[in-house]
$ cat final31.csv   # CSV, C-alpha atoms and all ligand atoms
chain,number,residue,atom,x,y,z
A,1,MET,CA,0.0,0.0,0.0
A,2,LEU,CA,1.5,3.3,-1.1
A,3,ILE,CA,0.6,6.3,1.0
A,4,LEU,CA,1.3,9.9,0.1
A,5,GLY,CA,1.9,11.8,3.4
A,6,ILE,CA,1.5,15.6,3.9
A,7,GLU,CA,2.8,17.3,7.1
A,8,THR,CA,2.4,21.1,7.6
A,9,SER,CA,1.5,21.4,11.3
A,10,CYS,CA,4.3,23.8,12.1
A,11,ASP,CA,7.0,25.3,10.0
A,12,ASP,CA,8.2,22.4,7.9
A,13,THR,CA,6.5,21.8,4.5
A,14,ALA,CA,6.9,18.1,4.2
A,15,THR,CA,5.7,15.4,1.8
A,16,ALA,CA,6.6,11.7,1.4
A,17,VAL,CA,5.7,8.5,-0.2
A,18,VAL,CA,5.9,5.4,2.1
A,19,ARG,CA,5.1,1.7,1.3
A,20,ASP,CA,3.4,-0.4,3.9
A,21,GLY,CA,4.2,1.9,6.8
A,22,ARG,CA,7.9,1.2,6.7
A,23,GLU,CA,9.7,1.7,3.4
A,24,VAL,CA,10.3,5.3,2.6
A,25,LEU,CA,10.3,5.9,-1.2
A,26,SER,CA,10.8,9.6,-0.8
A,27,SER,CA,10.7,12.2,2.0
A,28,VAL,CA,10.9,15.8,1.2
A,29,SER,CA,11.0,18.6,3.7
A,30,THR,CA,11.5,22.3,3.1
A,31,ASN,CA,12.8,23.9,6.2
A,32,GLN,CA,11.6,27.5,6.8
A,33,ASP,CA,14.2,28.4,9.4
A,34,ALA,CA,15.7,31.2,7.3
A,35,PHE,CA,12.3,33.0,7.2
A,36,HIS,CA,11.8,32.8,11.0
A,37,ALA,CA,15.3,33.2,12.3
A,38,LYS,CA,15.4,36.9,12.4
A,39,TYR,CA,12.2,36.9,14.7
A,40,GLY,CA,13.8,34.4,17.1
A,41,GLY,CA,10.9,32.0,16.8
A,42,ILE,CA,8.2,30.8,14.4
A,43,VAL,CA,5.8,33.4,13.1
A,44,PRO,CA,2.6,31.5,12.4
A,45,GLU,CA,1.4,33.8,9.6
A,46,ILE,CA,4.8,33.4,7.7
A,47,ALA,CA,4.6,29.7,8.2
A,48,SER,CA,1.2,29.3,6.7
A,49,ARG,CA,2.0,31.5,3.7
A,50,GLN,CA,5.2,29.5,3.1
A,51,HIS,CA,3.2,26.3,3.2
A,52,ALA,CA,0.8,27.7,0.6
A,53,ALA,CA,3.6,28.7,-1.6
A,54,LEU,CA,5.6,25.5,-1.3
A,55,LEU,CA,3.2,22.6,-0.9
A,56,THR,CA,2.1,21.9,-4.5
A,57,ALA,CA,5.7,21.7,-5.6
A,58,ALA,CA,6.6,19.6,-2.6
A,59,ILE,CA,3.9,17.0,-3.4
A,60,GLU,CA,5.1,16.8,-7.0
A,61,ASP,CA,8.7,16.5,-5.7
A,62,ALA,CA,7.8,13.6,-3.4
A,63,LEU,CA,6.0,11.7,-6.2
A,64,GLN,CA,8.8,12.3,-8.6
A,65,ARG,CA,11.6,11.2,-6.3
A,66,ALA,CA,9.6,8.0,-5.4
A,67,ALA,CA,9.0,7.4,-9.2
A,68,VAL,CA,5.3,7.0,-8.4
A,69,SER,CA,2.4,8.5,-10.3
A,70,LEU,CA,-0.7,9.9,-8.6
A,71,ALA,CA,-2.7,7.0,-10.1
A,72,GLU,CA,-0.5,4.6,-8.2
A,73,VAL,CA,-1.1,6.2,-4.8
A,74,ASP,CA,-3.4,4.1,-2.6
A,75,GLY,CA,-4.2,6.8,0.0
A,76,VAL,CA,-3.4,10.3,1.2
A,77,ALA,CA,-2.4,10.9,4.8
A,78,VAL,CA,-2.3,14.3,6.4
A,79,THR,CA,-1.6,15.8,9.8
A,80,TYR,CA,-4.9,17.3,10.9
A,81,GLY,CA,-3.6,18.4,14.3
A,82,PRO,CA,-2.3,19.4,16.8
A,83,GLY,CA,-0.4,22.4,15.5
A,84,LEU,CA,-0.7,25.9,14.2
A,85,ILE,CA,-4.2,26.4,12.7
A,86,GLY,CA,-3.0,28.4,9.7
A,87,SER,CA,-0.4,25.9,8.9
A,88,LEU,CA,-2.6,22.8,9.3
A,89,VAL,CA,-5.4,24.1,7.1
A,90,VAL,CA,-3.0,24.4,4.1
A,91,GLY,CA,-2.0,20.7,4.4
A,92,VAL,CA,-5.5,19.5,5.1
A,93,ALA,CA,-7.1,21.5,2.2
A,94,ALA,CA,-4.5,20.0,-0.2
A,95,ALA,CA,-4.9,16.5,1.1
A,96,LYS,CA,-8.7,16.7,0.8
A,97,ALA,CA,-8.6,18.0,-2.7
A,98,LEU,CA,-6.1,15.4,-3.8
A,99,ALA,CA,-7.9,12.4,-2.2
A,100,TYR,CA,-11.1,13.5,-3.7
A,101,ALA,CA,-9.6,14.1,-7.1
A,102,ILE,CA,-7.9,10.7,-7.3
A,103,ASP,CA,-10.8,8.9,-5.5
A,104,ARG,CA,-8.5,7.4,-2.8
A,105,PRO,CA,-9.0,7.2,1.0
A,106,LEU,CA,-8.0,10.1,3.1
A,107,PHE,CA,-6.3,9.4,6.5
A,108,ALA,CA,-6.4,12.0,9.3
A,109,VAL,CA,-3.2,11.6,11.4
A,110,ASN,CA,-2.5,13.1,14.8
A,111,HIS,CA,1.0,14.7,14.6
A,112,LEU,CA,2.2,13.1,17.8
A,113,HIS,CA,1.2,9.6,16.6
A,114,GLY,CA,3.4,10.4,13.6
A,115,HIS,CA,6.4,10.9,15.8
A,116,VAL,CA,5.8,7.5,17.4
A,117,PHE,CA,5.7,5.7,14.0
A,118,ALA,CA,9.0,7.3,13.0
A,119,ALA,CA,10.4,4.3,14.8
A,120,PHE,CA,9.1,2.0,12.0
A,121,LEU,CA,10.7,3.8,9.1
A,122,ASP,CA,13.4,2.2,7.0
A,123,ARG,CA,14.3,-0.5,9.6
A,124,SER,CA,13.8,-4.2,9.8
A,125,ASP,CA,13.9,-4.2,13.6
A,126,ALA,CA,10.8,-2.1,14.3
A,127,PRO,CA,9.7,-2.0,17.9
A,128,ALA,CA,7.3,-4.7,19.2
A,129,TYR,CA,4.3,-3.7,21.3
A,130,PRO,CA,4.1,-2.6,24.0
A,131,PHE,CA,6.8,0.0,23.9
A,132,LEU,CA,7.6,3.4,25.5
A,133,ALA,CA,8.0,6.5,23.4
A,134,LEU,CA,9.7,9.6,24.6
A,135,LEU,CA,8.7,12.4,22.3
A,136,VAL,CA,10.7,15.6,22.8
A,137,SER,CA,10.5,18.5,20.3
A,138,GLY,CA,9.9,22.2,20.0
A,139,GLY,CA,6.2,21.8,20.6
A,140,HIS,CA,5.8,18.8,22.8
A,141,SER,CA,7.4,16.6,25.5
A,142,GLN,CA,5.5,13.4,26.3
A,143,LEU,CA,6.1,9.9,27.5
A,144,VAL,CA,3.7,7.6,25.7
A,145,ASN,CA,2.8,4.0,26.5
A,146,VAL,CA,2.2,2.4,23.1
A,147,ARG,CA,0.3,-0.8,23.5
A,148,GLY,CA,-0.9,-1.0,19.8
A,149,PRO,CA,-1.2,1.2,16.7
A,150,CYS,CA,-4.4,2.7,18.0
A,151,ASP,CA,-3.9,2.0,21.7
A,152,MET,CA,-1.6,4.7,23.1
A,153,GLN,CA,-1.7,6.7,26.3
A,154,ILE,CA,0.2,9.7,27.4
A,155,ILE,CA,1.6,8.8,30.8
A,156,GLY,CA,3.8,11.9,31.3
A,157,ARG,CA,3.7,15.4,29.9
A,158,THR,CA,5.3,18.8,30.3
A,159,ARG,CA,3.6,21.2,32.8
A,160,ASP,CA,5.0,24.2,31.0
A,161,ASP,CA,7.7,24.5,28.3
A,162,ALA,CA,8.5,21.7,25.8
A,163,ALA,CA,12.1,20.4,25.9
A,164,GLY,CA,12.9,22.0,22.5
A,165,GLU,CA,11.4,25.2,23.7
A,166,ALA,CA,13.7,25.2,26.7
A,167,PHE,CA,16.7,24.7,24.3
A,168,ASP,CA,15.4,27.5,22.1
A,169,LYS,CA,14.8,30.0,24.9
A,170,THR,CA,18.1,29.2,26.7
A,171,ALA,CA,19.9,29.6,23.4
A,172,ARG,CA,18.4,33.1,23.1
A,173,LEU,CA,19.7,33.9,26.6
A,174,LEU,CA,23.1,32.8,25.4
A,175,GLY,CA,22.9,35.0,22.3
A,176,LEU,CA,22.8,31.9,20.0
A,177,PRO,CA,20.7,31.8,16.8
A,178,PHE,CA,17.3,30.1,16.4
A,179,PRO,CA,16.6,27.2,16.4
A,180,GLY,CA,18.7,27.0,19.5
A,181,GLY,CA,18.9,23.2,20.0
A,182,PRO,CA,21.6,22.5,17.4
A,183,ALA,CA,23.5,25.7,18.5
A,184,ILE,CA,23.5,24.6,22.2
A,185,ASP,CA,24.5,21.1,21.2
A,186,ALA,CA,27.5,22.3,19.3
A,187,LEU,CA,28.6,24.8,22.0
A,188,ALA,CA,28.1,22.2,24.7
A,189,GLN,CA,30.8,20.0,23.1
A,190,GLN,CA,33.4,22.5,24.3
A,191,GLY,CA,32.1,22.8,27.8
A,192,SER,CA,31.8,20.8,31.0
A,193,PRO,CA,28.4,19.4,31.9
A,194,ARG,CA,29.4,19.4,35.6
A,195,ALA,CA,30.7,23.0,35.7
A,196,LEU,CA,27.5,24.5,36.9
A,197,THR,CA,24.5,23.1,38.8
A,198,PHE,CA,21.1,23.9,37.4
A,199,PRO,CA,17.8,22.5,38.9
A,200,ARG,CA,16.3,19.2,37.8
A,201,TYR,CA,12.5,19.2,38.1
A,202,ARG,CA,11.2,16.3,40.2
A,203,PRO,CA,7.5,16.0,40.4
A,204,GLU,CA,5.7,14.1,43.2
A,205,PRO,CA,6.6,10.4,43.5
A,206,GLY,CA,5.0,8.3,40.8
A,207,SER,CA,4.4,11.2,38.4
A,208,LEU,CA,6.1,11.1,35.0
A,209,ASP,CA,5.5,14.8,34.3
A,210,LEU,CA,8.2,17.2,33.1
A,211,SER,CA,8.8,20.9,33.5
A,212,PHE,CA,11.5,23.1,32.0
A,213,SER,CA,10.5,26.7,32.8
A,214,GLY,CA,12.3,26.7,36.2
A,215,LEU,CA,15.5,25.5,34.6
A,216,LYS,CA,15.3,28.2,31.9
A,217,THR,CA,14.7,30.9,34.6
A,218,SER,CA,17.6,29.6,36.7
A,219,VAL,CA,19.9,29.9,33.6
A,220,ARG,CA,18.6,33.4,33.1
A,221,TYR,CA,19.3,34.4,36.8
A,222,PHE,CA,22.7,32.9,36.6
A,223,LEU,CA,23.6,34.8,33.4
A,224,GLU,CA,22.4,38.1,35.0
A,225,SER,CA,24.5,37.5,38.1
A,226,ALA,CA,28.1,38.6,38.6
A,227,ALA,CA,29.4,35.0,38.2
A,228,GLY,CA,27.3,34.6,35.0
A,229,ALA,CA,28.8,37.7,33.4
A,230,THR,CA,32.2,36.0,33.3
A,231,ALA,CA,31.1,32.4,32.9
A,232,ASN,CA,32.2,30.3,30.0
A,233,LYS,CA,29.2,30.0,27.8
A,234,ALA,CA,30.1,26.5,26.7
A,235,ASP,CA,30.0,25.4,30.3
A,236,VAL,CA,26.5,27.0,30.6
A,237,ALA,CA,25.3,25.2,27.4
A,238,ALA,CA,26.8,21.9,28.6
A,239,SER,CA,25.4,22.2,32.2
A,240,PHE,CA,22.0,23.2,31.0
A,241,SER,CA,21.9,20.3,28.5
A,242,GLN,CA,22.9,17.9,31.3
A,243,ALA,CA,20.0,19.1,33.4
A,244,VAL,CA,17.6,18.5,30.6
A,245,VAL,CA,19.1,15.0,30.0
A,246,ASP,CA,19.1,14.0,33.7
A,247,THR,CA,15.4,15.1,34.0
A,248,LEU,CA,14.4,13.0,31.0
A,249,ILE,CA,16.4,9.9,32.1
A,250,ASP,CA,14.9,10.2,35.6
A,251,ARG,CA,11.4,10.0,34.0
A,252,LEU,CA,12.4,7.0,32.0
A,253,ASP,CA,13.5,5.3,35.2
A,254,ARG,CA,10.2,6.2,36.8
A,255,ALA,CA,8.3,4.9,33.7
A,256,ARG,CA,10.1,1.6,34.0
A,257,SER,CA,9.0,1.0,37.6
A,258,ARG,CA,5.4,1.7,36.6
A,259,GLU,CA,4.9,0.3,33.1
A,260,GLN,CA,5.6,-2.9,31.2
A,261,PHE,CA,7.9,-2.5,28.2
A,262,THR,CA,11.1,-3.9,26.8
A,263,THR,CA,11.7,-1.3,24.1
A,264,ALA,CA,11.9,2.5,24.2
A,265,VAL,CA,11.8,4.9,21.4
A,266,LEU,CA,13.3,8.5,21.5
A,267,SER,CA,11.8,10.8,18.9
A,268,GLY,CA,11.1,14.5,18.1
A,269,GLY,CA,13.6,17.2,17.1
A,270,VAL,CA,15.4,17.1,20.5
A,271,ALA,CA,16.2,13.4,19.9
A,272,ALA,CA,19.0,14.7,17.7
A,273,ASN,CA,20.8,16.0,20.8
A,274,SER,CA,24.1,14.2,21.1
A,275,MET,CA,24.2,14.3,24.9
A,276,LEU,CA,20.7,12.9,25.1
A,277,GLN,CA,21.4,10.2,22.6
A,278,ARG,CA,24.4,9.0,24.5
A,279,ALA,CA,22.5,9.1,27.8
A,280,PHE,CA,19.6,7.2,26.3
A,281,GLY,CA,21.9,4.5,24.9
A,282,ALA,CA,23.6,4.2,28.3
A,283,TRP,CA,20.2,4.0,30.0
A,284,GLY,CA,19.3,1.1,27.7
A,285,GLU,CA,22.5,-0.7,28.5
A,286,ARG,CA,22.0,-0.2,32.3
A,287,THR,CA,18.3,-1.3,32.3
A,288,GLY,CA,18.3,-3.9,29.5
A,289,VAL,CA,15.7,-2.0,27.6
A,290,ARG,CA,16.2,-2.0,23.8
A,291,THR,CA,16.5,1.6,22.7
A,292,ILE,CA,15.6,3.0,19.3
A,293,VAL,CA,16.4,6.4,18.0
A,294,PRO,CA,15.2,7.1,14.4
A,295,PRO,CA,17.7,8.9,12.1
A,296,PRO,CA,17.5,12.7,12.6
A,297,LYS,CA,15.5,13.2,9.3
A,298,TYR,CA,12.7,11.1,10.8
A,299,CYS,CA,13.0,12.6,14.3
A,300,THR,CA,12.3,16.2,13.2
A,301,ASP,CA,9.0,16.9,11.6
A,302,ASN,CA,8.6,15.0,8.4
A,303,ALA,CA,5.8,13.5,6.3
A,304,ALA,CA,7.1,9.9,6.1
A,305,MET,CA,6.1,9.4,9.8
A,306,ILE,CA,2.6,10.7,8.9
A,307,ALA,CA,2.2,8.2,6.0
A,308,ALA,CA,3.5,5.4,8.3
A,309,ALA,CA,1.0,6.3,11.1
A,310,ALA,CA,-1.8,6.3,8.5
A,311,PHE,CA,-0.8,2.8,7.3
A,312,TRP,CA,-0.7,1.2,10.8
A,313,GLN,CA,-3.9,3.0,11.9
A,314,ARG,CA,-5.6,2.8,8.5
A,315,ASP,CA,-8.9,1.1,9.7
A,316,THR,CA,-9.4,3.7,12.4
A,317,VAL,CA,-8.2,7.1,11.0
A,318,ARG,CA,-10.0,7.1,7.7
A,319,ALA,CA,-11.7,10.4,7.2
A,320,GLU,CA,-14.4,11.7,4.9
A,321,ALA,CA,-12.6,13.3,2.0
A,322,LEU,CA,-14.6,16.5,2.1
A,323,GLY,CA,-15.5,16.5,5.8
A,324,LEU,CA,-12.1,16.7,7.5
A,325,VAL,CA,-11.3,19.9,9.3
A,326,ALA,CA,-8.0,20.8,10.8
A,327,ASP,CA,-7.9,20.8,14.6
A,328,PRO,CA,-5.1,22.7,16.3
A,329,HIS,CA,-6.0,20.9,19.6
A,330,ALA,CA,-6.6,17.4,18.1
A,331,PRO,CA,-7.0,15.0,21.1
A,332,PHE,CA,-4.3,12.4,21.5
A,333,ASP,CA,-6.7,9.6,22.2
A,334,ILE,CA,-8.1,8.2,19.0
A,335,GLY,CA,-11.3,7.2,20.7
A,336,THR,CA,-11.9,10.8,21.8
A,337,ALA,CA,-11.1,12.1,18.3
A,338,LEU,CA,-13.7,9.8,16.8
A,339,ARG,CA,-16.4,10.7,19.3
A,340,LYS,CA,-16.0,14.4,18.5
A,401,LIG,O1,10.4,17.9,15.9
A,401,LIG,P1,10.8,19.3,15.6
A,401,LIG,O2,11.6,19.5,14.3
A,401,LIG,O3,9.6,20.3,15.5
A,401,LIG,C1,8.6,20.3,16.4
A,401,LIG,O4,7.6,19.5,16.3
A,401,LIG,O5,8.7,21.1,17.3
A,401,LIG,O6,11.7,19.9,16.8
A,401,LIG,C2,12.3,21.1,16.7
A,401,LIG,C3,13.0,21.3,18.1
A,401,LIG,C4,13.5,22.8,18.2
A,401,LIG,O7,13.1,23.2,19.5
A,401,LIG,C5,15.0,22.5,18.2
A,401,LIG,O8,15.8,23.5,18.9
A,401,LIG,C6,15.2,21.2,18.8
A,401,LIG,O9,14.1,20.4,18.3
A,401,LIG,N1,16.5,20.5,18.4
A,401,LIG,C7,17.4,20.2,19.2
A,401,LIG,C8,18.5,19.7,18.5
A,401,LIG,N2,18.1,19.7,17.2
A,401,LIG,C9,16.9,20.2,17.1
A,401,LIG,N3,17.5,20.3,20.6
A,401,LIG,C10,18.6,19.9,21.2
A,401,LIG,N4,19.7,19.4,20.5
A,401,LIG,C11,19.7,19.3,19.2
A,401,LIG,N5,20.7,18.8,18.5
A,402,ZN,ZN,6.7,17.5,15.8

$ encode --input "final31.csv" --output "structure tokens" --more "lines below"
Ligand code: KG4
Ligand code: ZN
Amino acid sequence: MLILGIETSCDDTATAVVRDGREVLSSVSTNQDAFHAKYGGIVPEIASRQHAALLTAAIEDALQRAAVSLAEVDGVAVTYGPGLIGSLVVGVAAAKALAYAIDRPLFAVNHLHGHVFAAFLDRSDAPAYPFLALLVSGGHSQLVNVRGPCDMQIIGRTRDDAAGEAFDKTARLLGLPFPGGPAIDALAQQGSPRALTFPRYRPEPGSLDLSFSGLKTSVRYFLESAAGATANKADVAASFSQAVVDTLIDRLDRARSREQFTTAVLSGGVAANSMLQRAFGAWGERTGVRTIVPPPKYCTDNAAMIAAAAFWQRDTVRAEALGLVADPHAPFDIGTALRK
């Protein structure tokens, strides 16, 4: 089954063709960072205009690279939420029109489910259910218990900033460019993660929730202090990164004492972080849990993961070609989404 995927929930205009939820025939993503960088964050209006300008060519590009004609496509998958409303409607409108025109099924995919299914792309050793997914990106930070393709539950979430948001905001404090994650990652290589002590958020016992705003504020106060004025920025970047990593690893440990799983997946843009990748791998060795980190191109927002999710969830997420509406607050639970 060949599925054409479309993802425009935030600032990446992404399209892909995926066979049977695993084999990526093409995955195209036009990064808009250059348009947003000077504002220090994503400007929703610019993002939706860029999607409108780029999407048609991106769809053609994905089909061409996959050497697949529209007539060969068996279904169209689109992210219908959560995300920026202006961005989502561009992808949803295109997917509806396309599915209707070629008379193929339309699949409405939750963006977060897409990140989970990134773990199935281009690999023979896809995770077996149940598994744990740690999704960390600019817009979300969640621990998900994945019992089956349509049976997933969020068991931990951020109470304020997402992990990537913490990287982006801290980078701005350090005078680094947007997006801040890669910039902090690079700077941290030259610093010591133990040079400074920043707080690690610990919720009440048993809770798997996250919080990063206190950490960001603590970095800000430090930088405004006399010691901060002369501190080595690489040490700040490394020590901040270590605090994020320690917090996430603590939640993985807590999840292990609460839930049954033998495999854990790390996905989302922050999964590209080198310190986090090393710590995640070491955690797997310490605990005996098999760890999977998709390649960076499938960790950041992409359409291949959306096409994959549609394949595995195909009986449940089929939508009316003309009835689908974008939902910026799309519920994570498929049951809730269907009852709406
Ligand atoms: O998944 P993604 O591309 O988009 C969202 O859905 O948000 O994630 C983007 C986020 C940004 O906050 C970016 O700073 C962060 O991922 N990021 C990183 C790294 N690469 C990207 N954070 C830490 N270290 C990195 N190497
Ligand atoms: Zn995402």

$ atom_distance --input "final31.csv" --atom1 "atom C4 of ligand LIG 401 (chain A)" --atom2 "atom CA of Thr291 of chain A"
21.9 Å

$ residues_near_ligand --input "final31.csv" --ligand "ligand LIG 401 (chain A)" --cutoff "7 Å" --atoms "all atoms listed in the file" --output "list of chain:residue names"
A:Cys10, A:Ser137, A:Gly138, A:Gly139, A:His140, A:Gly164, A:Glu165, A:Phe167, A:Asp168, A:Pro179, A:Gly180, A:Gly181, A:Pro182, A:Ile184, A:Asp185, A:Gly268, A:Gly269, A:Val270, A:Ala271, A:Ala272, A:Asn273, A:Ser274, A:Cys299, A:Thr300, A:Asp301

$ residues_around --input "final31.csv" --residues "segment 77-79 of chain A" --least-positions-apart "4" --cutoff "10 Å" --atoms "all atoms listed in the file" --output "ChimeraX atom specification"
/A:3-9,15-17,83,88-89,91-96,99,105-114,303-311,314,317-319,326-327,330

$ write_last_selection --input "final31.csv" --atoms "C-alpha atoms" --output "compact mmCIF listing (two decimals), keeping the file's coordinate frame"
# COMPACT_ATOMS: atom_id res chain seq x y z
CA ILE A 3 0.60 6.30 1.00
CA LEU A 4 1.30 9.90 0.10
CA GLY A 5 1.90 11.80 3.40
CA ILE A 6 1.50 15.60 3.90
CA GLU A 7 2.80 17.30 7.10
CA THR A 8 2.40 21.10 7.60
CA SER A 9 1.50 21.40 11.30
CA THR A 15 5.70 15.40 1.80
CA ALA A 16 6.60 11.70 1.40
CA VAL A 17 5.70 8.50 -0.20
CA GLY A 83 -0.40 22.40 15.50
CA LEU A 88 -2.60 22.80 9.30
CA VAL A 89 -5.40 24.10 7.10
CA GLY A 91 -2.00 20.70 4.40
CA VAL A 92 -5.50 19.50 5.10
CA ALA A 93 -7.10 21.50 2.20
CA ALA A 94 -4.50 20.00 -0.20
CA ALA A 95 -4.90 16.50 1.10
CA LYS A 96 -8.70 16.70 0.80
CA ALA A 99 -7.90 12.40 -2.20
CA PRO A 105 -9.00 7.20 1.00
CA LEU A 106 -8.00 10.10 3.10
CA PHE A 107 -6.30 9.40 6.50
CA ALA A 108 -6.40 12.00 9.30
CA VAL A 109 -3.20 11.60 11.40
CA ASN A 110 -2.50 13.10 14.80
CA HIS A 111 1.00 14.70 14.60
CA LEU A 112 2.20 13.10 17.80
CA HIS A 113 1.20 9.60 16.60
CA GLY A 114 3.40 10.40 13.60
CA ALA A 303 5.80 13.50 6.30
CA ALA A 304 7.10 9.90 6.10
CA MET A 305 6.10 9.40 9.80
CA ILE A 306 2.60 10.70 8.90
CA ALA A 307 2.20 8.20 6.00
CA ALA A 308 3.50 5.40 8.30
CA ALA A 309 1.00 6.30 11.10
CA ALA A 310 -1.80 6.30 8.50
CA PHE A 311 -0.80 2.80 7.30
CA ARG A 314 -5.60 2.80 8.50
CA VAL A 317 -8.20 7.10 11.00
CA ARG A 318 -10.00 7.10 7.70
CA ALA A 319 -11.70 10.40 7.20
CA ALA A 326 -8.00 20.80 10.80
CA ASP A 327 -7.90 20.80 14.60
CA ALA A 330 -6.60 17.40 18.10

$ atom_distance --input "final31.csv" --atom1 "atom CA of Tyr100 of chain A" --atom2 "atom CA of Glu320 of chain A"
9.4 Å

$ residues_around --input "final31.csv" --residues "Gly86 of chain A" --least-positions-apart "3" --cutoff "7 Å" --atoms "all atoms listed in the file" --output "ChimeraX atom specification"
/A:44-45,48,89-90

$ atom_distance --input "final31.csv" --atom1 "atom CA of Ser213 of chain A" --atom2 "atom CA of Val244 of chain A"
11.1 Å

$ residues_around --input "final31.csv" --residues "Thr262 of chain A" --least-positions-apart "4" --cutoff "9 Å" --atoms "only C-alpha atoms" --output "list in words"
Ala128, Tyr129, Pro130, Phe131, Leu132, Gly288, Val289, Arg290 and Thr291 of chain A

$ closest_residue --input "final31.csv" --among "A:Val219, A:Arg278, A:Lys297, A:Gly156" --to "ligand ZN 402 (chain A)" --atoms "all atoms listed in the file"
A:Lys297

$ closest_residue --input "final31.csv" --among "A:Ala97, A:Val136, A:Leu174, A:Ala255" --to "ligand ZN 402 (chain A)" --atoms "all atoms listed in the file"
A:Val136

$ closest_residue --input "final31.csv" --among "A:Tyr39, A:Phe212, A:Tyr298, A:Phe332" --to "ligand ZN 402 (chain A)" --atoms "only C-alpha atoms and all ligand atoms"
A:Tyr298

$ residues_around --input "final31.csv" --residues "Gln32 of chain A" --least-positions-apart "3" --cutoff "10 Å" --atoms "only C-alpha atoms" --output "ChimeraX atom specification"
/A:10-13,29,35-37,42,46-47,50-51

$ residues_around --input "final31.csv" --residues "Val73 of chain A" --least-positions-apart "4" --cutoff "8 Å" --atoms "only C-alpha atoms" --output "ChimeraX atom specification"
/A:1-4,68-69,104

$ closest_residue --input "final31.csv" --among "A:Ala14, A:Ile102, A:Ala231, A:Ala126" --to "ligand ZN 402 (chain A)" --atoms "only C-alpha atoms and all ligand atoms"
A:Ala14

$ closest_residue --input "final31.csv" --among "A:Leu173, A:Asp250, A:Leu63, A:Tyr80" --to "Leu324 of chain A" --atoms "only C-alpha atoms"
A:Tyr80

$ residues_near_point --input "final31.csv" --point "(10.9, 1.1, 21.3)" --cutoff "12 Å" --atoms "all atoms listed in the file" --output "PyMOL selection string"
chain A and resi 116-120+125-135+143-147+260-267+280+284+289-294
